Amino acid sequence: MSEPSAGRTPRWWERGVIYQIYPRSFQDSDGDGVGDLAGIEQRLDYVASLGVDAIWLSPIFPSPMADFGYDVADYVGVEPMFGTIEDFDRLLAAVHARGLKLLLDFVPNHSSDQHPWFVESRSGKDSPKRDWYIWRPPAPGGGPPNNWISDFGGSAWEWDEASGEYYLHAFLKEQPDLNWRNPAVEAAMFDAMRYWLDRGVDGFRIDVLWHIVKARGFPDNPANPNWHQGLGQRDLLIQRNSTDQPEAHAIAARMRALADQYGDRLLVGEIFLPNDRLVAWYGTPGRPEVHLPFNFALIENPWNAEGVARLIADYEAALPPGGWPNWVYGSHDAARIAARIGEPQARVAAMLLLTLRGTPTLYQGDELGIGEVVIPPDRIRDPRELREPGLGLGRDPSRTPMPWTGNAPNAGFSTADPWLPINADWATRNVEAEHEDRGSILWLYRDLLSLRRSTDALSIGDYREVEARGDLLMFDRRHGDHCVRIALNFGETAIDLSQSGQVLLSTLGRSGRPSTLRPNEGLIFLAGEPH
Ligand code: NOJ
Ligand code: MG
């Protein structure tokens with residue numbers, strides 16, 4: 001695979017690593033049990049100490065919190081629970097003072113039903129903002145206009161008695177979909193993007209970008225022949241007509257043009273699609289779209305060496321010329337990596353993520369190896385779990401507060417009872433305790449990040465698979481004549497390595513020139529040396 005950056009200086013986000021902060025759960029500064037901007041500012045030295053390059057903040061805008069900030073009631077303000085615009089400016093300056101970048105979370109597909117635009121739109125069929133949202137009369141025989149299902153279960157249409165029409169909501173009924181076919185909506189949303197870019201933010205993660213335009217005429221979605229018990233209602237249908245429309249690509253290209261007017265800003269698109277359609281969101285050299293369409297392959301696929309080797313190969317092969325790859329295995333929406341595969345393999349996963357070719361995104365708390373957190377029924381907050389209980393769709397277990405210390409109430413996150421419980425093992429699994437233990441997973445992350453930063457082969461080099469057999473995945477990263485080899489053991493038995501070189505890093509803290517991979521071990525070593 002050739003280097004897209006060959007012949008020019010890599011852009012900051014190509015070498016860089018993104019760290020996602022979920023503001024409600026990072027650090028509370030005002031004793032209300034919910035994290036806030038001043039809390040994040042207090043913990044910036046920790047973030048910088050990890051060795052990441054950019055922070056992506058989940059939404060901080062005024063919100064009734066029906067979907068914890070992904071229901072925005074004002075695109076150009078700060079949620080009072082999180083602080084003020086002055087707090088934001090201070091945080092941004094403090095981020096920049098540490099040489100870090102800041103990405104905000106832009107939520108263009110839908111607003112809150114409390115947004116003044118929707119309140120106006122809902123006021124009647126003649127409202128000047130009626131067409132800012134998606135209103136339809138009932139189907140000819142009555143009932144919702146089509147069969148579309150909300151991602152959180154139930155019809156995607158909500159009946160509005162007062163005005164006698166349905167409105168569309170791809171998520172909660174408190175999150176009405178905006179009508180991006182209306183140029184006034186685009187203009188208003190682009191103004192909001194400019195507002196934050198003018199303030200100095202370094203870019204956006206764009207929420208459900210592939211949802212923003214729906215097929216004309218709102219045809220039914222086809223049934224999903226692969227649906228089975230245990231899946232959520234969303235998956236009953238294939239979202240053919242409600243997502244991934246050509247017109248949305250044109251909007252993404254205009255968003256990109258807007259961002260490019262500001263210089264080196266970054267757009268990351270949240271897009272769940274198979275590779276061939278995912279990579280279309282890079283756009284073309286003449287009409288670029290987002291810099292990084294999120295690649296969720298490591299979240300969506302089982303964890304085994306041969307399968308992971310295949311998904312890397314498939315993704316690399318799908319990338320268009322100049323399309324810079326990216327990888328992610330955790331977020332506020334997905335089960336935590338250590339909960340999925342256990343801490344020993346979570347270490348191997350960390351080595352994989354931070355040695356793959358492409359920009360990695362880390363999710364807060366994964367660097368501590370936080371695993372399964374059981375949420376007692378009376379503490380469930382995620383509307384997705386409340387609406388479709390018991391299917392394992394709930395996202396609260398990944399959103400629990402950061403444990404900072406074993407020596408303060410609520411792990412140092414808050415003086416008040418936190419909005420979600422903290423991981424049960426917080427007394428030992430916390431930042432302070434792991435900082436004091438050189439063998440902790442926290443130090444593994446720091447060591448990986450520092451090695452990646454100092455090694456061009458790892459940050460911008462080529463990727464080449466060497467071997468994928470049984471529990472072994474081995475690949476090379478090469479830059480010029482410098483080559484490092486990564487060998488990962490996805491299993492519980494030792495694997496003989498016919499050759500190895502000087503170890504640069506082991507997930508188990510070993511050094512030397514080992515000729516075997518221990519169970520659950522990952523190694524980075526200098527390749528090309530005789531054993
Ligand atoms: C994706 C976000 O990551 C998720 O948390 C949210 O519920 C949906 N988009 C709707 O905005
Ligand atoms: Mg607070």
# chains A, B, ... in the order shown; residues from 1 in each chain; ligands from 1
call {"tool": "residues_around", "arguments": {"residues": "A:Arg336", "least_positions_apart": "2", "cutoff": "8 Å", "atoms": "only C-alpha atoms", "output": "list in words"}}
result
Gly330, Ser331, Ala334, Ala338, Ala339, Arg340, Asp366, Ile370, Gly371, Glu372, Pro397 and Ser398 of chain A
call {"tool": "residues_around", "arguments": {"residues": "A:Ile460", "least_positions_apart": "4", "cutoff": "7 Å", "atoms": "only C-alpha atoms", "output": "ChimeraX atom specification"}}
result
/A:15,357,456
call {"tool": "closest_residue", "arguments": {"among": "A:His479, A:Glu367, A:Glu247, A:Thr400", "to": "A:Asp333", "atoms": "only C-alpha atoms"}}
result
A:Thr400
call {"tool": "residues_around", "arguments": {"residues": "A:Ser123", "least_positions_apart": "4", "cutoff": "9 Å", "atoms": "only C-alpha atoms", "output": "list in words"}}
result
Phe118, Val119, Ser127, Arg130, Ala162 and Ser163 of chain A
call {"tool": "residues_near_ligand", "arguments": {"ligand": "ligand 2", "cutoff": "10 Å", "atoms": "only C-alpha atoms and all ligand atoms", "output": "ChimeraX atom specification"}}
result
/A:23-39,80-83,413-416,418-419
call {"tool": "closest_atom_pairs", "arguments": {"of": "chain A", "to": "ligand 1", "cutoff": "9 Å", "atoms": "only C-alpha atoms and all ligand atoms", "output": "Markdown table"}}
result
| residue | atom | partner | partner_atom_place_in_ligand_line | distance |
| --- | --- | --- | --- | --- |
| A:Ser58 | CA | ligand 1 | 3 (O) | 8.1 |
| A:Asp67 | CA | ligand 1 | 7 (O) | 5.8 |
| A:Phe68 | CA | ligand 1 | 5 (O) | 7.7 |
| A:Gly69 | CA | ligand 1 | 11 (O) | 8.2 |
| A:Tyr70 | CA | ligand 1 | 11 (O) | 4.5 |
| A:Asp71 | CA | ligand 1 | 11 (O) | 6.8 |
| A:Val107 | CA | ligand 1 | 11 (O) | 6.6 |
| A:Pro108 | CA | ligand 1 | 11 (O) | 8.8 |
| A:Asn109 | CA | ligand 1 | 11 (O) | 7.7 |
| A:His110 | CA | ligand 1 | 11 (O) | 7.3 |
| A:Ser111 | CA | ligand 1 | 11 (O) | 8.8 |
| A:Asp151 | CA | ligand 1 | 10 (C) | 8.4 |
| A:Phe152 | CA | ligand 1 | 7 (O) | 8.5 |
| A:Ala170 | CA | ligand 1 | 10 (C) | 8.0 |
| A:Phe171 | CA | ligand 1 | 10 (C) | 5.9 |
| A:Leu172 | CA | ligand 1 | 10 (C) | 8.2 |
| A:Gln175 | CA | ligand 1 | 11 (O) | 7.9 |
| A:Ile206 | CA | ligand 1 | 1 (C) | 8.9 |
| A:Asp207 | CA | ligand 1 | 9 (N) | 5.4 |
| A:Val208 | CA | ligand 1 | 9 (N) | 5.4 |
| A:Glu270 | CA | ligand 1 | 1 (C) | 7.3 |
| A:Ser331 | CA | ligand 1 | 3 (O) | 7.7 |
| A:His332 | CA | ligand 1 | 5 (O) | 6.4 |
| A:Asp333 | CA | ligand 1 | 5 (O) | 5.5 |
| A:Pro383 | CA | ligand 1 | 7 (O) | 8.9 |
| A:Arg384 | CA | ligand 1 | 7 (O) | 8.2 |
| A:Arg395 | CA | ligand 1 | 5 (O) | 8.3 |
call {"tool": "write_last_selection", "arguments": {"atoms": "N, CA, C and O atoms", "output": "tab-separated table (two decimals), in the first residue's frame"}}
result
chain	number	residue	atom	x	y	z
A	58	SER	N	-17.83	15.04	22.66
A	58	SER	CA	-19.24	14.78	22.35
A	58	SER	C	-20.03	16.06	22.65
A	58	SER	O	-19.52	16.95	23.34
A	67	ASP	N	-31.31	12.59	24.48
A	67	ASP	CA	-30.29	11.66	23.99
A	67	ASP	C	-28.90	12.18	24.40
A	67	ASP	O	-27.93	12.07	23.66
A	68	PHE	N	-28.86	12.77	25.60
A	68	PHE	CA	-27.61	13.19	26.22
A	68	PHE	C	-26.73	14.05	25.33
A	68	PHE	O	-25.54	13.81	25.18
A	69	GLY	N	-27.38	15.07	24.75
A	69	GLY	CA	-26.63	16.07	24.01
A	69	GLY	C	-26.75	15.92	22.51
A	69	GLY	O	-26.49	16.87	21.77
A	70	TYR	N	-27.15	14.72	22.04
A	70	TYR	CA	-27.35	14.53	20.61
A	70	TYR	C	-28.75	15.02	20.19
A	70	TYR	O	-29.25	14.70	19.12
A	71	ASP	N	-29.37	15.78	21.07
A	71	ASP	CA	-30.62	16.49	20.79
A	71	ASP	C	-30.32	17.95	21.09
A	71	ASP	O	-30.40	18.41	22.22
A	107	VAL	N	-24.12	17.97	14.94
A	107	VAL	CA	-25.25	17.04	14.82
A	107	VAL	C	-26.24	17.59	13.79
A	107	VAL	O	-27.24	18.22	14.14
A	108	PRO	N	-25.96	17.37	12.50
A	108	PRO	CA	-26.77	18.03	11.47
A	108	PRO	C	-28.07	17.33	11.11
A	108	PRO	O	-28.97	17.96	10.56
A	109	ASN	N	-28.19	16.04	11.39
A	109	ASN	CA	-29.36	15.30	10.89
A	109	ASN	C	-30.65	15.72	11.58
A	109	ASN	O	-31.71	15.73	10.97
A	110	HIS	N	-30.53	16.03	12.86
A	110	HIS	CA	-31.73	16.30	13.66
A	110	HIS	C	-31.39	17.32	14.73
A	110	HIS	O	-30.25	17.43	15.14
A	111	SER	N	-32.43	18.04	15.17
A	111	SER	CA	-32.25	18.93	16.32
A	111	SER	C	-33.06	18.35	17.47
A	111	SER	O	-33.66	17.28	17.34
A	151	ASP	N	-34.07	4.29	14.75
A	151	ASP	CA	-32.93	3.52	15.24
A	151	ASP	C	-33.12	3.08	16.68
A	151	ASP	O	-32.47	2.14	17.14
A	152	PHE	N	-33.98	3.78	17.38
A	152	PHE	CA	-34.22	3.42	18.78
A	152	PHE	C	-35.54	2.67	18.95
A	152	PHE	O	-36.09	2.59	20.04
A	170	ALA	N	-35.35	9.96	12.86
A	170	ALA	CA	-34.56	8.73	12.70
A	170	ALA	C	-34.16	8.16	14.05
A	170	ALA	O	-33.85	6.98	14.16
A	171	PHE	N	-34.18	9.03	15.09
A	171	PHE	CA	-33.82	8.57	16.44
A	171	PHE	C	-35.05	8.79	17.33
A	171	PHE	O	-36.14	8.37	16.96
A	172	LEU	N	-34.90	9.48	18.45
A	172	LEU	CA	-36.06	9.67	19.34
A	172	LEU	C	-37.07	10.65	18.74
A	172	LEU	O	-36.70	11.51	17.94
A	175	GLN	N	-36.05	14.07	18.70
A	175	GLN	CA	-34.97	14.44	17.78
A	175	GLN	C	-35.50	14.49	16.33
A	175	GLN	O	-35.16	13.63	15.51
A	206	ILE	N	-18.84	14.60	12.66
A	206	ILE	CA	-20.19	14.89	12.18
A	206	ILE	C	-21.08	13.67	12.42
A	206	ILE	O	-20.86	12.59	11.88
A	207	ASP	N	-22.09	13.90	13.24
A	207	ASP	CA	-23.00	12.84	13.67
A	207	ASP	C	-23.83	12.30	12.50
A	207	ASP	O	-24.35	13.08	11.70
A	208	VAL	N	-23.96	10.99	12.43
A	208	VAL	CA	-24.79	10.26	11.42
A	208	VAL	C	-24.88	10.98	10.06
A	208	VAL	O	-25.97	11.15	9.50
A	270	GLU	N	-19.32	10.42	10.90
A	270	GLU	CA	-19.84	9.17	11.46
A	270	GLU	C	-20.72	8.51	10.41
A	270	GLU	O	-21.79	9.03	10.08
A	331	SER	N	-16.35	3.74	21.61
A	331	SER	CA	-17.03	5.04	21.60
A	331	SER	C	-18.09	5.01	22.68
A	331	SER	O	-18.29	3.98	23.33
A	332	HIS	N	-18.79	6.13	22.81
A	332	HIS	CA	-19.89	6.21	23.77
A	332	HIS	C	-21.10	5.40	23.32
A	332	HIS	O	-22.09	5.34	24.03
A	333	ASP	N	-21.03	4.82	22.12
A	333	ASP	CA	-22.16	4.04	21.61
A	333	ASP	C	-21.89	2.53	21.63
A	333	ASP	O	-22.82	1.74	21.50
A	383	PRO	N	-31.89	6.14	26.68
A	383	PRO	CA	-33.23	5.91	26.13
A	383	PRO	C	-33.29	4.67	25.24
A	383	PRO	O	-34.34	4.04	25.10
A	384	ARG	N	-32.15	4.31	24.66
A	384	ARG	CA	-32.17	3.14	23.78
A	384	ARG	C	-32.46	1.87	24.59
A	384	ARG	O	-33.25	1.02	24.19
A	395	ARG	N	-26.32	1.83	26.12
A	395	ARG	CA	-24.99	2.43	26.01
A	395	ARG	C	-24.45	2.97	27.33
A	395	ARG	O	-23.32	3.43	27.40
call {"tool": "residues_around", "arguments": {"residues": "A:Asp481", "least_positions_apart": "5", "cutoff": "12 Å", "atoms": "only C-alpha atoms", "output": "mmCIF file with all heavy atoms, in the first residue's frame"}}
result
data_model
loop_
_atom_site.group_PDB
_atom_site.id
_atom_site.type_symbol
_atom_site.label_atom_id
_atom_site.label_comp_id
_atom_site.auth_asym_id
_atom_site.auth_seq_id
_atom_site.Cartn_x
_atom_site.Cartn_y
_atom_site.Cartn_z
ATOM 1 N N ASP A 456 8.369 6.905 12.311
ATOM 2 C CA ASP A 456 7.633 7.211 11.078
ATOM 3 C C ASP A 456 6.985 5.964 10.485
ATOM 4 O O ASP A 456 5.886 6.025 9.930
ATOM 5 C CB ASP A 456 8.578 7.826 10.035
ATOM 6 C CG ASP A 456 8.870 9.283 10.339
ATOM 7 O OD1 ASP A 456 8.174 9.864 11.202
ATOM 8 O OD2 ASP A 456 9.800 9.835 9.723
ATOM 9 N N ALA A 457 7.685 4.822 10.603
ATOM 10 C CA ALA A 457 7.113 3.588 10.043
ATOM 11 C C ALA A 457 5.730 3.336 10.640
ATOM 12 O O ALA A 457 4.816 2.880 9.947
ATOM 13 C CB ALA A 457 8.045 2.407 10.304
ATOM 14 N N GLY A 461 3.951 5.015 7.829
ATOM 15 C CA GLY A 461 4.523 4.017 6.926
ATOM 16 C C GLY A 461 3.482 3.165 6.216
ATOM 17 O O GLY A 461 2.288 3.225 6.488
ATOM 18 N N ASP A 462 3.980 2.348 5.290
ATOM 19 C CA ASP A 462 3.124 1.392 4.571
ATOM 20 C C ASP A 462 2.704 0.258 5.498
ATOM 21 O O ASP A 462 3.386 -0.043 6.471
ATOM 22 C CB ASP A 462 3.895 0.727 3.420
ATOM 23 C CG ASP A 462 4.341 1.717 2.372
ATOM 24 O OD1 ASP A 462 3.839 2.847 2.392
ATOM 25 O OD2 ASP A 462 5.192 1.338 1.549
ATOM 26 N N ASP A 476 3.924 -5.857 8.847
ATOM 27 C CA ASP A 476 5.039 -4.908 8.847
ATOM 28 C C ASP A 476 4.513 -3.507 8.595
ATOM 29 O O ASP A 476 3.560 -3.316 7.842
ATOM 30 C CB ASP A 476 6.031 -5.234 7.712
ATOM 31 C CG ASP A 476 6.918 -6.418 8.047
ATOM 32 O OD1 ASP A 476 6.938 -6.838 9.227
ATOM 33 O OD2 ASP A 476 7.583 -6.925 7.113
ATOM 34 N N LEU A 526 11.962 -4.763 15.701
ATOM 35 C CA LEU A 526 12.643 -4.325 14.488
ATOM 36 C C LEU A 526 12.705 -5.502 13.549
ATOM 37 O O LEU A 526 13.183 -6.571 13.923
ATOM 38 C CB LEU A 526 14.052 -3.844 14.822
ATOM 39 C CG LEU A 526 14.139 -2.486 15.516
ATOM 40 C CD1 LEU A 526 15.572 -2.191 15.939
ATOM 41 C CD2 LEU A 526 13.615 -1.386 14.597
ATOM 42 N N ALA A 527 12.216 -5.333 12.348
ATOM 43 C CA ALA A 527 12.187 -6.444 11.395
ATOM 44 C C ALA A 527 13.460 -6.444 10.568
ATOM 45 O O ALA A 527 14.204 -5.480 10.538
ATOM 46 C CB ALA A 527 10.975 -6.322 10.487
ATOM 47 N N GLY A 528 13.650 -7.559 9.910
ATOM 48 C CA GLY A 528 14.736 -7.642 8.949
ATOM 49 C C GLY A 528 16.081 -7.976 9.557
ATOM 50 O O GLY A 528 17.092 -7.984 8.869
#
call {"tool": "atom_distance", "arguments": {"atom1": "atom CA of A:Val279", "atom2": "atom CA of A:Arg254"}}
result
17.3 Å
call {"tool": "select_by_dssp", "arguments": {"residues": "stretch 173-242 of chain A", "states": "strand (DSSP E)", "output": "PyMOL selection string"}}
result
chain A and resi 203-206
call {"tool": "write_last_selection", "arguments": {"atoms": "all heavy atoms", "output": "short mmCIF file (atom, residue, chain, number, x, y, z; two decimals), in the first residue's frame"}}
result
data_model
loop_
_atom_site.label_atom_id
_atom_site.label_comp_id
_atom_site.auth_asym_id
_atom_site.auth_seq_id
_atom_site.Cartn_x
_atom_site.Cartn_y
_atom_site.Cartn_z
N GLY A 203 -12.05 21.48 13.95
CA GLY A 203 -12.85 20.65 13.07
C GLY A 203 -14.02 20.04 13.81
O GLY A 203 -14.32 20.40 14.96
N PHE A 204 -14.67 19.11 13.13
CA PHE A 204 -15.87 18.48 13.68
C PHE A 204 -15.87 16.99 13.44
O PHE A 204 -15.41 16.52 12.40
CB PHE A 204 -17.13 19.03 12.99
CG PHE A 204 -17.34 20.50 13.17
CD1 PHE A 204 -16.98 21.38 12.15
CD2 PHE A 204 -17.90 21.01 14.33
CE1 PHE A 204 -17.18 22.74 12.29
CE2 PHE A 204 -18.11 22.38 14.47
CZ PHE A 204 -17.74 23.24 13.45
N ARG A 205 -16.44 16.29 14.39
CA ARG A 205 -16.94 14.94 14.13
C ARG A 205 -18.40 15.16 13.77
O ARG A 205 -19.12 15.88 14.46
CB ARG A 205 -16.77 14.08 15.39
CG ARG A 205 -17.37 12.68 15.32
CD ARG A 205 -18.77 12.67 15.89
NE ARG A 205 -19.26 11.31 16.11
CZ ARG A 205 -20.51 11.02 16.43
NH1 ARG A 205 -21.40 11.98 16.60
NH2 ARG A 205 -20.89 9.78 16.63
N ILE A 206 -18.84 14.60 12.66
CA ILE A 206 -20.19 14.89 12.18
C ILE A 206 -21.08 13.67 12.42
O ILE A 206 -20.86 12.59 11.88
CB ILE A 206 -20.17 15.26 10.69
CG1 ILE A 206 -19.17 16.41 10.46
CG2 ILE A 206 -21.57 15.67 10.23
CD1 ILE A 206 -18.92 16.71 8.99
#
call {"tool": "residues_around", "arguments": {"residues": "A:Leu209", "least_positions_apart": "3", "cutoff": "12 Å", "atoms": "only C-alpha atoms", "output": "compact mmCIF listing (two decimals) with N, CA, C and O atoms, in the first residue's frame"}}
result
# COMPACT_ATOMS: atom_id res chain seq x y z
N ASP A 105 -18.56 18.12 18.17
CA ASP A 105 -19.47 17.13 17.61
C ASP A 105 -20.62 17.89 16.97
O ASP A 105 -21.39 18.56 17.66
N PHE A 106 -20.71 17.82 15.66
CA PHE A 106 -21.75 18.57 14.95
C PHE A 106 -22.87 17.59 14.63
O PHE A 106 -22.62 16.51 14.11
N VAL A 107 -24.12 17.97 14.94
CA VAL A 107 -25.25 17.04 14.82
C VAL A 107 -26.24 17.59 13.79
O VAL A 107 -27.24 18.22 14.14
N PRO A 108 -25.96 17.37 12.50
CA PRO A 108 -26.77 18.03 11.47
C PRO A 108 -28.07 17.33 11.11
O PRO A 108 -28.97 17.96 10.56
N ASN A 109 -28.19 16.04 11.39
CA ASN A 109 -29.36 15.30 10.89
C ASN A 109 -30.65 15.72 11.58
O ASN A 109 -31.71 15.73 10.97
N HIS A 110 -30.53 16.03 12.86
CA HIS A 110 -31.73 16.30 13.66
C HIS A 110 -31.39 17.32 14.73
O HIS A 110 -30.25 17.43 15.14
N TRP A 180 -32.72 18.75 4.93
CA TRP A 180 -31.55 19.32 4.25
C TRP A 180 -31.80 19.58 2.77
O TRP A 180 -30.94 20.10 2.07
N PHE A 204 -14.67 19.11 13.13
CA PHE A 204 -15.87 18.48 13.68
C PHE A 204 -15.87 16.99 13.44
O PHE A 204 -15.41 16.52 12.40
N ARG A 205 -16.44 16.29 14.39
CA ARG A 205 -16.94 14.94 14.13
C ARG A 205 -18.40 15.16 13.77
O ARG A 205 -19.12 15.88 14.46
N ILE A 206 -18.84 14.60 12.66
CA ILE A 206 -20.19 14.89 12.18
C ILE A 206 -21.08 13.67 12.42
O ILE A 206 -20.86 12.59 11.88
N ILE A 212 -28.35 12.30 6.43
CA ILE A 212 -28.95 13.64 6.38
C ILE A 212 -29.90 13.91 5.22
O ILE A 212 -30.65 14.87 5.27
N VAL A 213 -29.89 13.07 4.18
CA VAL A 213 -30.88 13.26 3.12
C VAL A 213 -31.64 11.94 2.90
O VAL A 213 -31.03 10.86 2.94
N LYS A 214 -32.92 12.02 2.68
CA LYS A 214 -33.76 10.82 2.46
C LYS A 214 -34.23 10.79 1.00
O LYS A 214 -34.34 11.85 0.36
N SER A 242 -33.74 5.64 3.49
CA SER A 242 -33.67 6.67 4.53
C SER A 242 -32.25 7.17 4.76
O SER A 242 -32.04 8.10 5.54
N THR A 243 -31.25 6.55 4.11
CA THR A 243 -29.85 6.96 4.32
C THR A 243 -29.08 6.90 3.00
O THR A 243 -29.56 6.35 2.01
N ASP A 244 -27.85 7.44 3.05
CA ASP A 244 -26.85 7.30 1.98
C ASP A 244 -27.36 7.71 0.60
O ASP A 244 -27.17 6.99 -0.38
N GLN A 245 -27.96 8.87 0.52
CA GLN A 245 -28.45 9.39 -0.76
C GLN A 245 -27.39 10.24 -1.44
O GLN A 245 -26.60 10.90 -0.77
N GLU A 247 -27.51 13.06 -2.82
CA GLU A 247 -27.56 14.49 -2.46
C GLU A 247 -26.78 14.76 -1.17
O GLU A 247 -26.28 15.87 -0.95
N ALA A 248 -26.68 13.75 -0.29
CA ALA A 248 -25.94 13.95 0.96
C ALA A 248 -24.45 14.09 0.68
O ALA A 248 -23.73 14.82 1.38
N HIS A 249 -23.97 13.40 -0.35
CA HIS A 249 -22.56 13.56 -0.73
C HIS A 249 -22.28 14.98 -1.19
O HIS A 249 -21.22 15.55 -0.90
N ALA A 250 -23.23 15.55 -1.91
CA ALA A 250 -23.04 16.93 -2.38
C ALA A 250 -22.96 17.88 -1.18
O ALA A 250 -22.15 18.82 -1.16
N ILE A 251 -23.78 17.62 -0.16
CA ILE A 251 -23.74 18.47 1.03
C ILE A 251 -22.40 18.30 1.76
O ILE A 251 -21.77 19.27 2.20
N ALA A 252 -21.95 17.04 1.85
CA ALA A 252 -20.65 16.79 2.51
C ALA A 252 -19.54 17.54 1.78
O ALA A 252 -18.62 18.09 2.41
N ALA A 253 -19.62 17.58 0.47
CA ALA A 253 -18.59 18.30 -0.30
C ALA A 253 -18.65 19.80 0.01
O ALA A 253 -17.62 20.46 0.11
N MET A 255 -19.73 21.07 2.85
CA MET A 255 -19.19 21.22 4.22
C MET A 255 -17.67 21.26 4.18
O MET A 255 -17.02 22.02 4.89
N LEU A 267 -12.56 17.19 9.18
CA LEU A 267 -13.94 16.69 9.27
C LEU A 267 -13.92 15.17 9.34
O LEU A 267 -13.37 14.51 8.45
N VAL A 268 -14.50 14.64 10.40
CA VAL A 268 -14.61 13.19 10.57
C VAL A 268 -16.09 12.85 10.48
O VAL A 268 -16.90 13.43 11.21
N GLY A 269 -16.44 11.97 9.58
CA GLY A 269 -17.87 11.66 9.40
C GLY A 269 -18.25 10.36 10.09
O GLY A 269 -17.61 9.34 9.88
N GLU A 270 -19.32 10.42 10.90
CA GLU A 270 -19.84 9.17 11.46
C GLU A 270 -20.72 8.51 10.41
O GLU A 270 -21.79 9.03 10.08
N ILE A 271 -20.26 7.39 9.89
CA ILE A 271 -20.95 6.72 8.78
C ILE A 271 -20.81 5.21 8.98
O ILE A 271 -19.68 4.70 9.04
N PHE A 272 -21.91 4.52 9.11
CA PHE A 272 -21.88 3.05 9.19
C PHE A 272 -22.32 2.51 7.85
O PHE A 272 -23.50 2.53 7.52
N LEU A 273 -21.37 2.05 7.03
CA LEU A 273 -21.70 1.49 5.73
C LEU A 273 -20.63 0.45 5.37
O LEU A 273 -19.51 0.53 5.88
N LEU A 278 -18.75 3.22 2.11
CA LEU A 278 -18.11 4.08 3.11
C LEU A 278 -17.07 4.99 2.46
O LEU A 278 -17.03 6.20 2.71
N TRP A 281 -17.38 8.46 0.77
CA TRP A 281 -17.47 9.69 1.56
C TRP A 281 -16.16 10.46 1.65
O TRP A 281 -16.11 11.55 2.21
N GLU A 289 -14.87 15.20 0.19
CA GLU A 289 -15.93 15.28 1.19
C GLU A 289 -15.28 15.28 2.57
O GLU A 289 -14.48 16.17 2.84
N VAL A 290 -15.52 14.28 3.43
CA VAL A 290 -14.87 14.35 4.75
C VAL A 290 -13.45 13.78 4.65
O VAL A 290 -13.16 12.94 3.83
N LEU A 292 -11.99 12.02 7.03
CA LEU A 292 -12.00 10.67 7.61
C LEU A 292 -13.43 10.18 7.77
O LEU A 292 -14.13 10.59 8.71
N PRO A 293 -13.91 9.32 6.88
CA PRO A 293 -15.17 8.64 7.17
C PRO A 293 -14.85 7.54 8.20
O PRO A 293 -14.05 6.65 7.92
N PHE A 294 -15.43 7.63 9.37
CA PHE A 294 -15.08 6.69 10.45
C PHE A 294 -15.14 5.24 9.95
O PHE A 294 -16.11 4.83 9.31
call {"tool": "closest_residue", "arguments": {"among": "A:Trp157, A:Asp264, A:Gln364, A:Ala93", "to": "A:Val47", "atoms": "only C-alpha atoms"}}
result
A:Gln364
call {"tool": "closest_residue", "arguments": {"among": "A:Asp447, A:Asp202, A:Glu165, A:Asp45", "to": "A:Leu57", "atoms": "only C-alpha atoms"}}
result
A:Asp202
call {"tool": "closest_residue", "arguments": {"among": "A:Glu465, A:Leu103, A:Glu186, A:Gly439", "to": "A:Asp314", "atoms": "only C-alpha atoms"}}
result
A:Glu465
call {"tool": "residues_around", "arguments": {"residues": "stretch 194-198 of chain A", "least_positions_apart": "6", "cutoff": "8 Å", "atoms": "only C-alpha atoms", "output": "PDB file with all heavy atoms, in the first residue's frame"}}
result
ATOM      1  N   VAL A  76     -25.408  27.143  18.538  1.00  0.00           N
ATOM      2  CA  VAL A  76     -24.338  28.112  18.766  1.00  0.00           C
ATOM      3  C   VAL A  76     -24.309  28.567  20.230  1.00  0.00           C
ATOM      4  O   VAL A  76     -24.117  29.736  20.530  1.00  0.00           O
ATOM      5  CB  VAL A  76     -24.441  29.324  17.811  1.00  0.00           C
ATOM      6  CG1 VAL A  76     -24.137  28.882  16.391  1.00  0.00           C
ATOM      7  CG2 VAL A  76     -25.816  29.969  17.877  1.00  0.00           C
ATOM      8  N   LEU A 258     -16.369  24.475   2.968  1.00  0.00           N
ATOM      9  CA  LEU A 258     -16.463  25.462   4.049  1.00  0.00           C
ATOM     10  C   LEU A 258     -15.280  25.299   5.014  1.00  0.00           C
ATOM     11  O   LEU A 258     -14.574  26.259   5.341  1.00  0.00           O
ATOM     12  CB  LEU A 258     -17.790  25.263   4.781  1.00  0.00           C
ATOM     13  CG  LEU A 258     -18.241  26.271   5.838  1.00  0.00           C
ATOM     14  CD1 LEU A 258     -19.731  26.087   6.090  1.00  0.00           C
ATOM     15  CD2 LEU A 258     -17.492  26.170   7.139  1.00  0.00           C
ATOM     16  N   ALA A 259     -15.025  24.058   5.441  1.00  0.00           N
ATOM     17  CA  ALA A 259     -13.926  23.819   6.387  1.00  0.00           C
ATOM     18  C   ALA A 259     -12.591  24.218   5.766  1.00  0.00           C
ATOM     19  O   ALA A 259     -11.721  24.791   6.440  1.00  0.00           O
ATOM     20  CB  ALA A 259     -13.905  22.354   6.807  1.00  0.00           C
ATOM     21  N   TYR A 262     -10.938  27.540   6.082  1.00  0.00           N
ATOM     22  CA  TYR A 262     -10.284  27.871   7.350  1.00  0.00           C
ATOM     23  C   TYR A 262      -8.894  27.258   7.469  1.00  0.00           C
ATOM     24  O   TYR A 262      -8.295  27.287   8.533  1.00  0.00           O
ATOM     25  CB  TYR A 262     -11.153  27.407   8.520  1.00  0.00           C
ATOM     26  CG  TYR A 262     -12.382  28.267   8.721  1.00  0.00           C
ATOM     27  CD1 TYR A 262     -13.521  28.088   7.954  1.00  0.00           C
ATOM     28  CD2 TYR A 262     -12.389  29.282   9.675  1.00  0.00           C
ATOM     29  CE1 TYR A 262     -14.645  28.875   8.128  1.00  0.00           C
ATOM     30  CE2 TYR A 262     -13.505  30.075   9.868  1.00  0.00           C
ATOM     31  CZ  TYR A 262     -14.634  29.873   9.087  1.00  0.00           C
ATOM     32  OH  TYR A 262     -15.738  30.665   9.279  1.00  0.00           O
TER      33      TYR A 262
END
